[in-house]
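*Asks:* Could you have a look at this structure, given as structure tokens, before my questions?
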Amino acid sequence: AFLELARPQSNTRLHVFDEVPENENPESFERHCDRIAVLSALGEFSRKKEAGIEKETLLVAATPQSILSPCPSFQSFEKQEMIISLGDEIPFAQFAEDLAVRFDYSSEILCEAPAQFSVRGGLIDVYPANGEFPVRIDFFGDEVEEIRSFDPTTQRTTGRIDQVIIASTSQADSNEKEGGFFEHVNCSATWVLREPEDLLLQYPLVFH
């Protein structure tokens with residue numbers, strides 16, 4: 001609320017970066033998707049900054065444990081993302097196969113939850129693991145003719161967009177390292193630390 005008042009011309013995006021609980025925990029996958037969304041948003045934010053687009057403020061809430069926990073490296077994470085824009089030439093069948101095999105998305109009759117996709121004729125519905133809503137990608141042959149967001153409950157489209165970023169849910173453990181989160185912060189950032197003296201005592205090598 002403070003940021004929106006201070007920068008009314010800027011859109012503020014809030015993300016939570018938390019630790020992923022054990023696989024048996026019912027919140028494990030959802031938390032995993034939240035982490036993917038943060039890393040994807042940081043990459044997108046950096047690219048927009050480089051392009052001179054500064055209409056957004058990205059706010060990330062995290063704990064010391066979460067940002068120091070094992071995290072994919074920036075380079076490996078970038079390789080596990082697809083950026084799809086209007087007019088792109090993408091082999092239709094290969095795209096569907098990549099979603100299932102390389103990105104570990106599940107093929108469903110209806111696309112209703114993150115990391116799901118559905119193929120219907122020349123359309124591919126996909127709910128990016130890093131996204132806030134699913135998208136309907138309309139192909140003309142192998143050309144991306146239209147991208148629309150849609151409501152997963154009604155399956156009705158809600159608006160046209162020019163680009164979508166799809167992140168993989170599969171990240172090999174070998175590409176993860178402790179403190180890898182900091183590699184994803186590639187532009188100037190303001191850090192707000194709660195109880196900085198306690199952080200210095202608990203994590204002297206990080207918060208010095």
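Ligands are numbered from 1 in the order shown, residues from 1 within each chain, and chains are lettered A, B, ... in the order they appear in the structure tokens.
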Any idea what's packed within 10 Å of A:Glu132, counting only C-alpha atoms, ignoring anything in its chain fewer than 4 positions away? Could you give it as a compact mmCIF listing (two decimals) with C-alpha atoms, in the first residue's frame?

*Replies:*
```
# COMPACT_ATOMS: atom_id res chain seq x y z
CA ASP A 34 5.49 -19.66 -5.92
CA ALA A 37 7.13 -17.39 -10.11
CA PRO A 114 -0.62 -24.45 -12.63
CA TYR A 127 -1.27 -22.62 -17.12
CA PRO A 128 2.34 -21.53 -16.51
CA SER A 149 -5.75 -15.07 -20.89
```

*Asks:* Compile the contact shell of A:Asn186 as a PDB file with C-alpha atoms, in the first residue's frame: residues with an atom at most 12 Å away, counting only C-alpha atoms, same-chain residues fewer than 4 positions apart removed.

*Replies:*
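Final output, saved to selection.pdb:
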```pdb
ATOM      1  CA  LEU A  39      12.613 -16.301 -10.056  1.00  0.00           C
ATOM      2  CA  ALA A  41       9.530 -12.387 -12.293  1.00  0.00           C
ATOM      3  CA  LEU A  42      13.054 -11.311 -11.327  1.00  0.00           C
ATOM      4  CA  GLY A  43      14.352 -12.324 -14.754  1.00  0.00           C
ATOM      5  CA  GLU A  44      11.484 -10.552 -16.527  1.00  0.00           C
ATOM      6  CA  PHE A  45      12.014  -7.453 -14.373  1.00  0.00           C
ATOM      7  CA  SER A  46      15.723  -7.317 -15.258  1.00  0.00           C
ATOM      8  CA  ARG A  47      14.989  -7.649 -18.976  1.00  0.00           C
ATOM      9  CA  LYS A  48      12.464  -4.803 -18.797  1.00  0.00           C
ATOM     10  CA  LYS A  49      14.970  -2.620 -16.960  1.00  0.00           C
ATOM     11  CA  GLU A  50      17.551  -3.258 -19.665  1.00  0.00           C
ATOM     12  CA  PHE A  74      20.370 -18.048 -12.924  1.00  0.00           C
ATOM     13  CA  PHE A 181      18.729 -16.724  -5.155  1.00  0.00           C
ATOM     14  CA  PHE A 182      21.146 -13.773  -5.170  1.00  0.00           C
TER      15      PHE A 182
END
```

*Asks:* Pick the closest to A:Phe77 from A:Arg194, A:Arg136, A:His184, A:Arg31: which is it, counting only C-alpha atoms?

*Replies:* A:His184

*Asks:* Report as number ranges by chain: the residues of chain A with a DSSP assignment of strand (DSSP E or B), based on the backbone of this structure.

*Replies:* A: 11-17, 56-62, 70-72, 81-85, 89, 106-107, 116-120, 123-127, 135-140, 143-150, 157-160, 163-167, 176-178

*Asks:* Between atom CA of A:Tyr203 and atom CA of A:Glu19, what is the distance, to one decimal in Å?

*Replies:*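 Computing it gives 16.9 Å between the two atoms.
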
*Asks:* Excluding A:Glu4 and its own-chain neighbours fewer than 6 positions away, which residues fall within 10 Å of it when counting only C-alpha atoms? Please give them as JSON, numbers by chain.

*Replies:* {"A": [10, 11, 12, 13, 57]}

*Asks:* When you count only C-alpha atoms, which of these residues is closest to A:Phe207: A:Ala167, A:Leu68, A:Val126, A:Ala115?

*Replies:*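 Result for the nearest residue to A:Phe207: A:Leu68.
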
*Asks:* Could you find all residues in chain A that DSSP calls helix (DSSP H, G or I) from the backbone, and write them as a VMD selection string?

*Replies:* chain A and resid 2 to 6 28 to 50 64 to 68 74 to 79 92 to 101 173 to 175 180 to 184 196 to 202

*Asks:* Atom CA of A:Glu178 and atom CA of A:Leu205 are how many Å apart?

*Replies:*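 So the answer is 12.9 Å.
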
*Asks:* What is the distance between atom CA of A:Val20 and atom CA of A:Ser69, in Å to one decimal?

*Replies:*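 Between atom CA of A:Val20 and atom CA of A:Ser69 the gap works out to 9.1 Å.
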
*Asks:* As a VMD selection string, please: the residues near A:Arg102 (cut-off 9 Å, only C-alpha atoms, same-chain neighbours under 2 positions excluded).

*Replies:* chain A and resid 80 97 to 100 104 to 105 168 170

*Asks:* Can you tell me, as a list in words, what residues are no more than 9 Å from A:Leu110 when counting only C-alpha atoms, ignoring any on the same chain fewer than 6 positions away?

*Replies:*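 Contacts, in chain order: Gln116, Phe117, Ser118, Val119, Asp125, Pro152 and Gln155 of chain A.
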
*Asks:* Find the residues near A:Glu143: any atom within 9 Å, counting only C-alpha atoms, skip ones fewer than 6 places away on the same chain, and give them as a VMD selection string.

*Replies:* chain A and resid 86 to 92
